[in-house]
Every structure is written in C-alpha cells, then in structure tokens.
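Colleague: Input file: structure09.cif. Contents: mmCIF, C-alpha atoms.
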```
data_run
#
loop_
_atom_site.label_atom_id
_atom_site.label_comp_id
_atom_site.auth_asym_id
_atom_site.auth_seq_id
_atom_site.Cartn_x
_atom_site.Cartn_y
_atom_site.Cartn_z
CA MET M 1 140.31 106.97 96.54
CA TYR M 2 138.81 108.50 99.70
CA LYS M 3 136.43 110.66 97.67
CA LYS M 4 135.29 107.66 95.67
CA HIS M 5 134.63 105.61 98.84
CA ARG M 6 132.89 108.56 100.49
CA SER M 7 130.58 109.11 97.50
CA HIS M 8 129.57 105.42 97.61
CA HIS M 9 128.80 105.80 101.35
CA VAL M 10 126.66 108.89 100.73
CA ALA M 11 124.83 107.14 97.90
CA ALA M 12 124.21 104.11 100.12
CA SER M 13 122.81 106.37 102.86
CA LEU M 14 120.42 108.00 100.40
CA ILE M 15 119.30 104.61 99.11
CA ALA M 16 118.74 103.41 102.69
CA ALA M 17 116.75 106.54 103.53
CA THR M 18 114.64 106.10 100.42
CA ALA M 19 113.95 102.46 101.26
CA LEU M 20 112.95 103.28 104.84
CA CYS M 21 110.97 106.45 104.22
CA GLY M 22 109.65 106.26 100.69
CA SER M 23 111.84 109.20 99.63
CA ALA M 24 115.09 110.68 100.86
CA SER M 25 113.29 113.83 102.04
CA ALA M 26 110.40 112.09 103.84
CA CYS M 27 112.34 111.05 106.97
CA ALA M 28 111.96 113.13 110.08
CA GLN M 29 115.30 114.45 111.34
CA LEU M 30 116.60 116.08 114.50
CA GLY M 31 115.45 119.67 114.57
CA ALA M 32 112.66 119.07 112.04
CA VAL M 33 108.96 119.28 112.84
CA ILE M 34 107.17 115.93 112.87
CA ALA M 35 104.43 115.23 110.40
CA ALA M 36 101.71 112.65 110.89
CA LYS M 37 102.22 109.44 108.93
CA SER M 38 99.33 107.37 107.67
CA GLY M 39 98.74 104.26 109.73
CA GLU M 40 100.96 105.30 112.63
CA SER M 41 100.06 104.68 116.24
CA ALA M 42 99.11 107.53 118.53
CA GLN M 43 101.90 109.51 120.13
CA GLN M 44 102.48 109.19 123.87
CA SER M 45 102.82 112.21 126.10
CA LEU M 46 105.79 112.01 128.52
CA LEU M 47 107.12 113.96 131.49
CA ASN M 48 103.89 115.83 132.22
CA GLY M 49 103.48 116.72 128.56
CA ALA M 50 106.99 118.11 128.02
CA LEU M 51 107.69 115.57 125.25
CA ARG M 52 105.75 113.47 122.78
CA LEU M 53 107.01 109.99 121.90
CA ARG M 54 106.48 108.21 118.61
CA THR M 55 107.91 104.69 118.11
CA SER M 56 108.66 102.97 114.82
CA THR M 57 110.64 100.02 113.52
CA ASP M 58 113.08 100.44 110.64
CA ALA M 59 113.82 97.98 107.82
CA GLY M 60 116.54 96.32 109.95
CA ASN M 61 113.98 95.60 112.71
CA THR M 62 115.50 98.21 115.05
CA THR M 63 113.05 100.08 117.28
CA ILE M 64 113.45 103.85 117.04
CA ASN M 65 111.85 106.22 119.55
CA GLU M 66 111.39 109.79 118.37
CA TYR M 67 111.01 112.53 121.00
CA ALA M 68 109.40 115.83 120.06
CA THR M 69 108.38 118.97 121.90
CA ASN M 70 104.75 120.07 122.13
CA GLY M 71 105.47 122.28 119.13
CA GLY M 72 106.50 119.20 117.15
CA GLU M 73 110.27 119.84 116.99
CA ILE M 74 112.19 116.57 117.10
CA VAL M 75 114.80 116.89 119.84
CA ALA M 76 115.98 113.30 120.33
CA TYR M 77 116.03 109.72 119.13
CA THR M 78 116.77 106.49 120.96
CA TRP M 79 117.19 103.10 119.30
CA GLN M 80 117.64 99.45 120.13
CA GLY M 81 117.82 96.45 117.85
CA PRO M 82 119.83 94.10 115.67
CA THR M 83 121.08 96.78 113.26
CA MET M 84 122.29 100.37 113.51
CA PRO M 85 119.75 102.89 112.27
CA ASP M 86 120.66 105.30 109.48
CA LEU M 87 122.32 107.91 111.72
CA ALA M 88 122.89 110.35 108.86
CA GLY M 89 119.18 110.19 108.08
CA LEU M 90 118.15 110.68 111.71
CA LEU M 91 120.69 113.43 112.41
CA GLY M 92 119.89 115.42 109.27
CA LYS M 93 121.71 118.77 109.31
CA TYR M 94 123.59 117.68 112.45
CA ALA M 95 125.24 114.71 110.70
CA GLY M 96 128.30 116.76 109.69
CA SER M 97 128.92 117.90 113.24
CA TYR M 98 128.57 114.30 114.43
CA ARG M 99 131.01 113.03 111.77
CA THR M 100 133.59 115.62 112.85
CA GLY M 101 133.26 114.58 116.49
CA ALA M 102 133.32 110.88 115.61
CA ALA M 103 136.52 111.31 113.59
CA GLU M 104 138.16 113.09 116.54
CA ALA M 105 137.01 110.33 118.92
CA ALA M 106 138.28 107.59 116.59
CA ALA M 107 141.72 109.22 116.52
CA ALA M 108 141.93 109.17 120.32
CA PRO M 109 144.15 106.40 121.70
CA ASP M 110 141.51 105.25 124.20
CA GLY M 111 138.78 104.63 121.61
CA ASN M 112 136.28 101.87 122.39
CA LEU M 113 135.39 99.39 119.65
CA HIS M 114 131.87 98.69 120.94
CA ALA M 115 130.74 102.05 122.30
CA SER M 116 131.12 105.69 121.45
CA ARG M 117 130.03 109.01 122.85
CA VAL M 118 130.33 112.07 120.65
CA VAL M 119 129.61 115.37 122.37
CA ARG M 120 129.36 118.46 120.20
CA PRO M 121 127.86 121.84 121.15
CA ASP M 122 124.84 121.19 118.92
CA VAL M 123 124.34 117.41 119.12
CA VAL M 124 125.23 114.46 121.38
CA VAL M 125 125.29 110.87 120.11
CA GLU M 126 125.85 107.77 122.26
CA SER M 127 125.95 104.39 120.56
CA GLY M 128 127.17 100.92 121.35
CA GLY M 129 126.55 97.27 121.87
CA PRO M 130 127.70 94.00 120.42
CA MET M 131 126.76 92.86 116.93
CA ARG M 132 122.98 92.43 116.61
CA GLY M 133 122.46 94.23 119.92
CA TYR M 134 122.85 97.91 119.08
CA ALA M 135 121.49 100.64 121.33
CA GLY M 136 121.96 104.36 121.43
CA ARG M 137 120.54 107.82 121.55
CA ALA M 138 121.03 111.19 119.93
CA TRP M 139 119.75 114.53 121.14
CA LEU M 140 120.00 118.27 120.76
CA PRO M 141 121.16 119.51 124.17
CA GLY M 142 120.05 123.08 123.54
CA ALA M 143 116.56 122.06 122.41
CA LEU M 144 115.46 119.85 125.31
CA PRO M 145 112.48 121.43 127.08
CA PRO M 146 112.99 122.85 130.60
CA GLY M 147 113.12 120.07 133.17
CA VAL M 148 114.02 117.39 130.60
CA THR M 149 117.49 115.84 130.74
CA ALA M 150 119.29 113.22 128.65
CA ASP M 151 118.53 110.70 131.41
CA ASP M 152 114.84 110.99 130.48
CA LEU M 153 115.54 109.66 126.96
CA ARG M 154 115.27 105.88 127.12
#
```
Would you mind writing the structure in this file as structure tokens?
Modeller:
Amino acid sequence: MYKKHRSHHVAASLIAATALCGSASACAQLGAVIAAKSGESAQQSLLNGALRLRTSTDAGNTTINEYATNGGEIVAYTWQGPTMPDLAGLLGKYAGSYRTGAAEAAAAPDGNLHASRVVRPDVVVESGGPMRGYAGRAWLPGALPPGVTADDLR
C-alpha cells in the first residue's frame, strides 16, 4: 500500500511541475544553472553582487525568490504565499536528502505541526506557517558565496 501511495505522490509532483514549468525538466532546481525565461523581469543583484535574485509566482499564487551565484548556480529559494511550492521540484537532486531528514524530524517526539527545520549536510529547508500563509526557505550551505549567510535569504 505504501508503494502505491508513494507512486501517486510522485506522479502528482511530476504533473504539478509540468503545469508550473511547461515540462517536468524545465524547472530550475537547487544546484542547477539558471536559464533565461522569455518574458521574465530582470534579475536583481544583491549583497554587492554576490547573489542574483529572480522572483516568480507559481500556479498557487506563492511568490518564490530564486538566489543564484554570479556563475548562475542556484543556491537558495525562499517562498511566501497561500500554498506550499513544489518542494521536490525546487530541491531537485536534493529532494531525497530532504525527505530523509523530514522523516527523521517527523518521528521526533517534539515535532511541530506548523513549522519544520530539516538540516542535512547538503541542504537545509525551513518551512512553516498557518494554512494559506506558508513561508520558508531552502539553501545549499556549502554553495553560498563567501560572506553570504542564511540570514541574507529573505
């Protein structure tokens, strides 16, 4: 039964990614290099040029900020809005590591229903908020440029 439920969840994630991005492989993911999208607004330079910021809104009307290095590597996302973004789509190859950490956190007796913080060696994800008021961030701690900290990701 678990495998059947899991396969439906994976299929739903792929459908969501396709709906948001045009194809399951078109979404930018942590660790990937950003590509220009037609009709997008100009990227902002932050922290004396250490990061570039690109903002978009997903199908659920959640604002997603994408942070990339000068070389174009996506190192972080932040989000805020009425729905959770497709974390598996945003995390890409780091989604498995996040799922492992989230399962361990859920098994802990002091788990919080409205907020979570998953810290793995390769990825950190913080998420929370009441229904229709979700906020969070995900980043690659080892890929942040010198002088940039998680506190800079807002």
Colleague: Using all atoms listed in the file, which residues sit within 12 Å of Ala105 in chain M once same-chain residues fewer than 5 positions away are excluded, as a ChimeraX atom specification?
Modeller: /M:98-100,110-113,115-120,125-126
Colleague: Do you have the CA of Tyr94 in chain M-CA of Trp79 in chain M distance handy?
Modeller: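 Value for the CA of Tyr94 in chain M-CA of Trp79 in chain M distance: 17.3 Å.
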Colleague: For the file shown, report as a ChimeraX atom specification the outcome of the PyMOL selection byres ((chain M and resi 84) around 9) at residue level.
Modeller: /M:60,62,79-83,85-87,127,132-136
Colleague: Quick one: of M:Ala106, M:Ala76, M:Ala59, M:Leu53, who's nearest to Ala138 in chain M, counting all atoms listed in the file?
Modeller: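 Looking at the shortest contact to Ala138 in chain M, the residue is M:Ala76.
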Colleague: Please indicate the distance in Å from CA of Pro130 in chain M to CA of Leu91 in chain M, rounded to one decimal place.
Modeller: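 These two atoms are separated by 22.2 Å.
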Colleague: Using only C-alpha atoms, can you tell me which of M:Asn61, M:His114, M:Gly49, M:Glu66 comes closest to Met131 in chain M?
Modeller: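 For Met131 in chain M, the nearest of the given residues is M:His114.
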Colleague: Name all residues at most 9 Å from Tyr67 in chain M (count all atoms listed in the file; drop same-chain ones fewer than 5 positions away) and give them as a PyMOL selection string.
Modeller: chain M and resi 51-55+72-78+139+153
Colleague: Work out how far apart CA of Ile34 in chain M and CA of Asp58 in chain M are and give it in Å to one decimal.
Modeller: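 That distance, rounded to one decimal, is 16.7 Å.
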Colleague: Taking all atoms listed in the file into account, name the residue in M:Arg137, M:Asn65, M:Ser56, M:Gly129 that is nearest to Asp151 in chain M.
Modeller: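 Answer, going by the shortest atom-to-atom distance: M:Arg137.
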Colleague: Which is closest to Leu46 in chain M among M:Val33, M:Ala68, M:Val124, M:Leu90, if we use only C-alpha atoms?
Modeller: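 Under the stated criterion, the closest residue is M:Ala68.
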Colleague: May I ask which of the residues M:Val123, M:Asp152, M:Gly128, M:Gln29 is the closest one to Leu140 in chain M, counting only C-alpha atoms?
Modeller: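 Result for the nearest residue to Leu140 in chain M: M:Val123.
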